[in-house]
Amino acid sequence: MRHQPFPDDLVLAQEAWTRTYAELARPRTPGAAGVTVLRRRLIRLSVQVYFHPYWARPRPTAGRADLLRQVRDRQRDRGAAAA
């Protein structure tokens with residue numbers, strides 16, 4: 001699959017956001033430590049992705065859904081290579 005050329009830092013921030021969200025969504029015991037740290041990281045990464053200069057272009061060549069698709073494909077490819 002051919003992907004749109006997203007800046008590396010934007011792709012890395014979206015990958016980190018996806019991992020952090022998945023970690024935060026995992027069931028935890030009540031009062032487990034680390035939830036606040038994960039929430040703060042998710043907020044910081046959300047700001048990095050949402051306000052990235054790529055989106056300020058007059059006409060970005062690709063949209064947010066394309067970015068998410070690229071990240072999921074990369075994660076799937078890494079999983080297949082590790083198996």
# chains A, B, ... in the order shown; residues from 1 in each chain; ligands from 1

call {"tool": "closest_atom_pairs", "arguments": {"of": "range 8-59 of chain A", "to": "range 75-81 of chain A", "cutoff": "12 Å", "atoms": "only C-alpha atoms", "output": "JSON lines"}}
result
{"residue": "A:Val11", "atom": "CA", "partner": "A:Gln75", "partner_atom": "CA", "distance": 11.3}
{"residue": "A:Leu12", "atom": "CA", "partner": "A:Gln75", "partner_atom": "CA", "distance": 11.3}
{"residue": "A:Gln14", "atom": "CA", "partner": "A:Gln75", "partner_atom": "CA", "distance": 11.3}
{"residue": "A:Glu15", "atom": "CA", "partner": "A:Gln75", "partner_atom": "CA", "distance": 8.2}
{"residue": "A:Ala16", "atom": "CA", "partner": "A:Gln75", "partner_atom": "CA", "distance": 11.1}
{"residue": "A:Thr18", "atom": "CA", "partner": "A:Gln75", "partner_atom": "CA", "distance": 10.0}
{"residue": "A:Arg19", "atom": "CA", "partner": "A:Gln75", "partner_atom": "CA", "distance": 10.0}

call {"tool": "write_last_selection", "arguments": {"atoms": "N, CA, C and O atoms", "output": "mmCIF file, in the first residue's frame"}}
result
data_model
loop_
_atom_site.group_PDB
_atom_site.id
_atom_site.type_symbol
_atom_site.label_atom_id
_atom_site.label_comp_id
_atom_site.auth_asym_id
_atom_site.auth_seq_id
_atom_site.Cartn_x
_atom_site.Cartn_y
_atom_site.Cartn_z
ATOM 1 N N VAL A 11 4.315 10.905 12.462
ATOM 2 C CA VAL A 11 4.008 9.469 12.499
ATOM 3 C C VAL A 11 4.425 8.878 13.843
ATOM 4 O O VAL A 11 3.667 8.111 14.459
ATOM 5 N N LEU A 12 5.597 9.242 14.330
ATOM 6 C CA LEU A 12 6.070 8.724 15.613
ATOM 7 C C LEU A 12 5.172 9.181 16.766
ATOM 8 O O LEU A 12 4.876 8.405 17.681
ATOM 9 N N GLN A 14 1.972 9.913 16.524
ATOM 10 C CA GLN A 14 0.711 9.179 16.416
ATOM 11 C C GLN A 14 0.887 7.743 16.887
ATOM 12 O O GLN A 14 0.003 7.189 17.544
ATOM 13 N N GLU A 15 2.020 7.122 16.581
ATOM 14 C CA GLU A 15 2.276 5.760 17.068
ATOM 15 C C GLU A 15 2.334 5.736 18.595
ATOM 16 O O GLU A 15 1.763 4.847 19.228
ATOM 17 N N ALA A 16 3.021 6.709 19.181
ATOM 18 C CA ALA A 16 3.115 6.785 20.640
ATOM 19 C C ALA A 16 1.732 7.033 21.245
ATOM 20 O O ALA A 16 1.390 6.465 22.287
ATOM 21 N N THR A 18 -1.151 6.043 20.003
ATOM 22 C CA THR A 18 -1.896 4.792 19.892
ATOM 23 C C THR A 18 -1.472 3.805 20.980
ATOM 24 O O THR A 18 -2.316 3.168 21.622
ATOM 25 N N ARG A 19 -0.169 3.675 21.204
ATOM 26 C CA ARG A 19 0.333 2.782 22.262
ATOM 27 C C ARG A 19 -0.125 3.238 23.638
ATOM 28 O O ARG A 19 -0.552 2.436 24.473
#

call {"tool": "residues_around", "arguments": {"residues": "Arg40 in chain A", "least_positions_apart": "4", "cutoff": "12 Å", "atoms": "only C-alpha atoms", "output": "PyMOL selection string"}}
result
chain A and resi 17+20-21+24+34-36+44-47

call {"tool": "closest_residue", "arguments": {"among": "A:Ala22, A:Thr29, A:Phe6, A:Ala13", "to": "Gln48 in chain A", "atoms": "only C-alpha atoms"}}
result
A:Ala13

call {"tool": "atom_distance", "arguments": {"atom1": "CA of Pro5 in chain A", "atom2": "CA of Pro58 in chain A"}}
result
15.8 Å

call {"tool": "closest_residue", "arguments": {"among": "A:Gln70, A:Val49, A:Ala56, A:Ala82", "to": "Asp9 in chain A", "atoms": "only C-alpha atoms"}}
result
A:Val49

call {"tool": "closest_residue", "arguments": {"among": "A:Ile43, A:Ala33, A:Leu38, A:Leu10", "to": "Val71 in chain A", "atoms": "only C-alpha atoms"}}
result
A:Leu10

call {"tool": "atom_distance", "arguments": {"atom1": "CA of Asp73 in chain A", "atom2": "CA of Arg26 in chain A"}}
result
21.8 Å

call {"tool": "select_by_dssp", "arguments": {"residues": "range 9-64 of chain A", "states": "helix (DSSP H, G or I)", "output": "PyMOL selection string"}}
result
chain A and resi 9-25+35-50+53-56+64

call {"tool": "write_last_selection", "arguments": {"atoms": "N, CA and C atoms", "output": "mmCIF file, in the first residue's frame"}}
result
data_model
loop_
_atom_site.group_PDB
_atom_site.id
_atom_site.type_symbol
_atom_site.label_atom_id
_atom_site.label_comp_id
_atom_site.auth_asym_id
_atom_site.auth_seq_id
_atom_site.Cartn_x
_atom_site.Cartn_y
_atom_site.Cartn_z
ATOM 1 N N ASP A 9 8.236 12.793 12.465
ATOM 2 C CA ASP A 9 7.881 13.126 13.847
ATOM 3 C C ASP A 9 6.370 13.044 14.074
ATOM 4 N N LEU A 10 5.587 13.327 13.057
ATOM 5 C CA LEU A 10 4.137 13.210 13.176
ATOM 6 C C LEU A 10 3.721 11.740 13.273
ATOM 7 N N VAL A 11 4.315 10.905 12.462
ATOM 8 C CA VAL A 11 4.008 9.469 12.499
ATOM 9 C C VAL A 11 4.425 8.878 13.843
ATOM 10 N N LEU A 12 5.597 9.242 14.330
ATOM 11 C CA LEU A 12 6.070 8.724 15.613
ATOM 12 C C LEU A 12 5.172 9.181 16.766
ATOM 13 N N ALA A 13 4.723 10.430 16.716
ATOM 14 C CA ALA A 13 3.823 10.932 17.761
ATOM 15 C C ALA A 13 2.492 10.188 17.724
ATOM 16 N N GLN A 14 1.972 9.913 16.524
ATOM 17 C CA GLN A 14 0.711 9.179 16.416
ATOM 18 C C GLN A 14 0.887 7.743 16.887
ATOM 19 N N GLU A 15 2.020 7.122 16.581
ATOM 20 C CA GLU A 15 2.276 5.760 17.068
ATOM 21 C C GLU A 15 2.334 5.736 18.595
ATOM 22 N N ALA A 16 3.021 6.709 19.181
ATOM 23 C CA ALA A 16 3.115 6.785 20.640
ATOM 24 C C ALA A 16 1.732 7.033 21.245
ATOM 25 N N TRP A 17 0.917 7.852 20.586
ATOM 26 C CA TRP A 17 -0.446 8.115 21.062
ATOM 27 C C TRP A 17 -1.246 6.819 21.077
ATOM 28 N N THR A 18 -1.151 6.043 20.003
ATOM 29 C CA THR A 18 -1.896 4.792 19.892
ATOM 30 C C THR A 18 -1.472 3.805 20.980
ATOM 31 N N ARG A 19 -0.169 3.675 21.204
ATOM 32 C CA ARG A 19 0.333 2.782 22.262
ATOM 33 C C ARG A 19 -0.125 3.238 23.638
ATOM 34 N N THR A 20 -0.047 4.539 23.898
ATOM 35 C CA THR A 20 -0.439 5.083 25.193
ATOM 36 C C THR A 20 -1.930 4.886 25.431
ATOM 37 N N TYR A 21 -2.732 5.109 24.412
ATOM 38 C CA TYR A 21 -4.179 4.921 24.533
ATOM 39 C C TYR A 21 -4.499 3.464 24.856
ATOM 40 N N ALA A 22 -3.832 2.542 24.173
ATOM 41 C CA ALA A 22 -4.055 1.115 24.422
ATOM 42 C C ALA A 22 -3.657 0.745 25.849
ATOM 43 N N GLU A 23 -2.563 1.300 26.316
ATOM 44 C CA GLU A 23 -2.115 1.033 27.693
ATOM 45 C C GLU A 23 -3.115 1.589 28.697
ATOM 46 N N LEU A 24 -3.628 2.769 28.439
ATOM 47 C CA LEU A 24 -4.598 3.387 29.340
ATOM 48 C C LEU A 24 -5.919 2.627 29.337
ATOM 49 N N ALA A 25 -6.266 2.008 28.226
ATOM 50 C CA ALA A 25 -7.530 1.279 28.112
ATOM 51 C C ALA A 25 -7.487 -0.091 28.786
ATOM 52 N N VAL A 35 -1.813 5.763 36.118
ATOM 53 C CA VAL A 35 -2.916 6.236 35.277
ATOM 54 C C VAL A 35 -2.757 7.728 34.979
ATOM 55 N N THR A 36 -2.393 8.490 35.977
ATOM 56 C CA THR A 36 -2.221 9.928 35.783
ATOM 57 C C THR A 36 -1.096 10.204 34.800
ATOM 58 N N VAL A 37 -0.016 9.458 34.912
ATOM 59 C CA VAL A 37 1.116 9.627 33.995
ATOM 60 C C VAL A 37 0.679 9.326 32.566
ATOM 61 N N LEU A 38 -0.088 8.264 32.383
ATOM 62 C CA LEU A 38 -0.560 7.905 31.044
ATOM 63 C C LEU A 38 -1.513 8.956 30.488
ATOM 64 N N ARG A 39 -2.393 9.470 31.323
ATOM 65 C CA ARG A 39 -3.324 10.513 30.866
ATOM 66 C C ARG A 39 -2.573 11.770 30.442
ATOM 67 N N ARG A 40 -1.586 12.153 31.214
ATOM 68 C CA ARG A 40 -0.802 13.347 30.865
ATOM 69 C C ARG A 40 -0.025 13.132 29.572
ATOM 70 N N ARG A 41 0.537 11.930 29.405
ATOM 71 C CA ARG A 41 1.253 11.619 28.171
ATOM 72 C C ARG A 41 0.295 11.667 26.979
ATOM 73 N N LEU A 42 -0.905 11.132 27.155
ATOM 74 C CA LEU A 42 -1.887 11.133 26.069
ATOM 75 C C LEU A 42 -2.272 12.565 25.683
ATOM 76 N N ILE A 43 -2.426 13.429 26.666
ATOM 77 C CA ILE A 43 -2.749 14.833 26.382
ATOM 78 C C ILE A 43 -1.605 15.500 25.627
ATOM 79 N N ARG A 44 -0.374 15.273 26.091
ATOM 80 C CA ARG A 44 0.797 15.880 25.440
ATOM 81 C C ARG A 44 0.914 15.398 23.992
ATOM 82 N N LEU A 45 0.732 14.092 23.775
ATOM 83 C CA LEU A 45 0.820 13.548 22.422
ATOM 84 C C LEU A 45 -0.331 14.032 21.545
ATOM 85 N N SER A 46 -1.510 14.194 22.130
ATOM 86 C CA SER A 46 -2.643 14.721 21.377
ATOM 87 C C SER A 46 -2.346 16.110 20.849
ATOM 88 N N VAL A 47 -1.725 16.930 21.675
ATOM 89 C CA VAL A 47 -1.348 18.284 21.258
ATOM 90 C C VAL A 47 -0.316 18.222 20.138
ATOM 91 N N GLN A 48 0.678 17.329 20.277
ATOM 92 C CA GLN A 48 1.704 17.199 19.236
ATOM 93 C C GLN A 48 1.104 16.798 17.899
ATOM 94 N N VAL A 49 0.169 15.866 17.919
ATOM 95 C CA VAL A 49 -0.433 15.390 16.669
ATOM 96 C C VAL A 49 -1.388 16.441 16.107
ATOM 97 N N TYR A 50 -2.277 16.947 16.937
ATOM 98 C CA TYR A 50 -3.325 17.845 16.455
ATOM 99 C C TYR A 50 -2.776 19.179 15.949
ATOM 100 N N PRO A 53 2.686 21.183 12.539
ATOM 101 C CA PRO A 53 2.716 22.116 11.401
ATOM 102 C C PRO A 53 2.232 21.505 10.083
ATOM 103 N N TYR A 54 2.278 20.201 9.946
ATOM 104 C CA TYR A 54 1.795 19.562 8.722
ATOM 105 C C TYR A 54 0.341 19.938 8.436
ATOM 106 N N TRP A 55 -0.471 20.014 9.477
ATOM 107 C CA TRP A 55 -1.892 20.316 9.291
ATOM 108 C C TRP A 55 -2.132 21.776 8.945
ATOM 109 N N ALA A 56 -1.145 22.639 9.149
ATOM 110 C CA ALA A 56 -1.303 24.066 8.866
ATOM 111 C C ALA A 56 -1.057 24.400 7.394
ATOM 112 N N ARG A 64 -6.177 13.032 8.458
ATOM 113 C CA ARG A 64 -5.907 12.314 9.707
ATOM 114 C C ARG A 64 -6.208 10.816 9.584
#
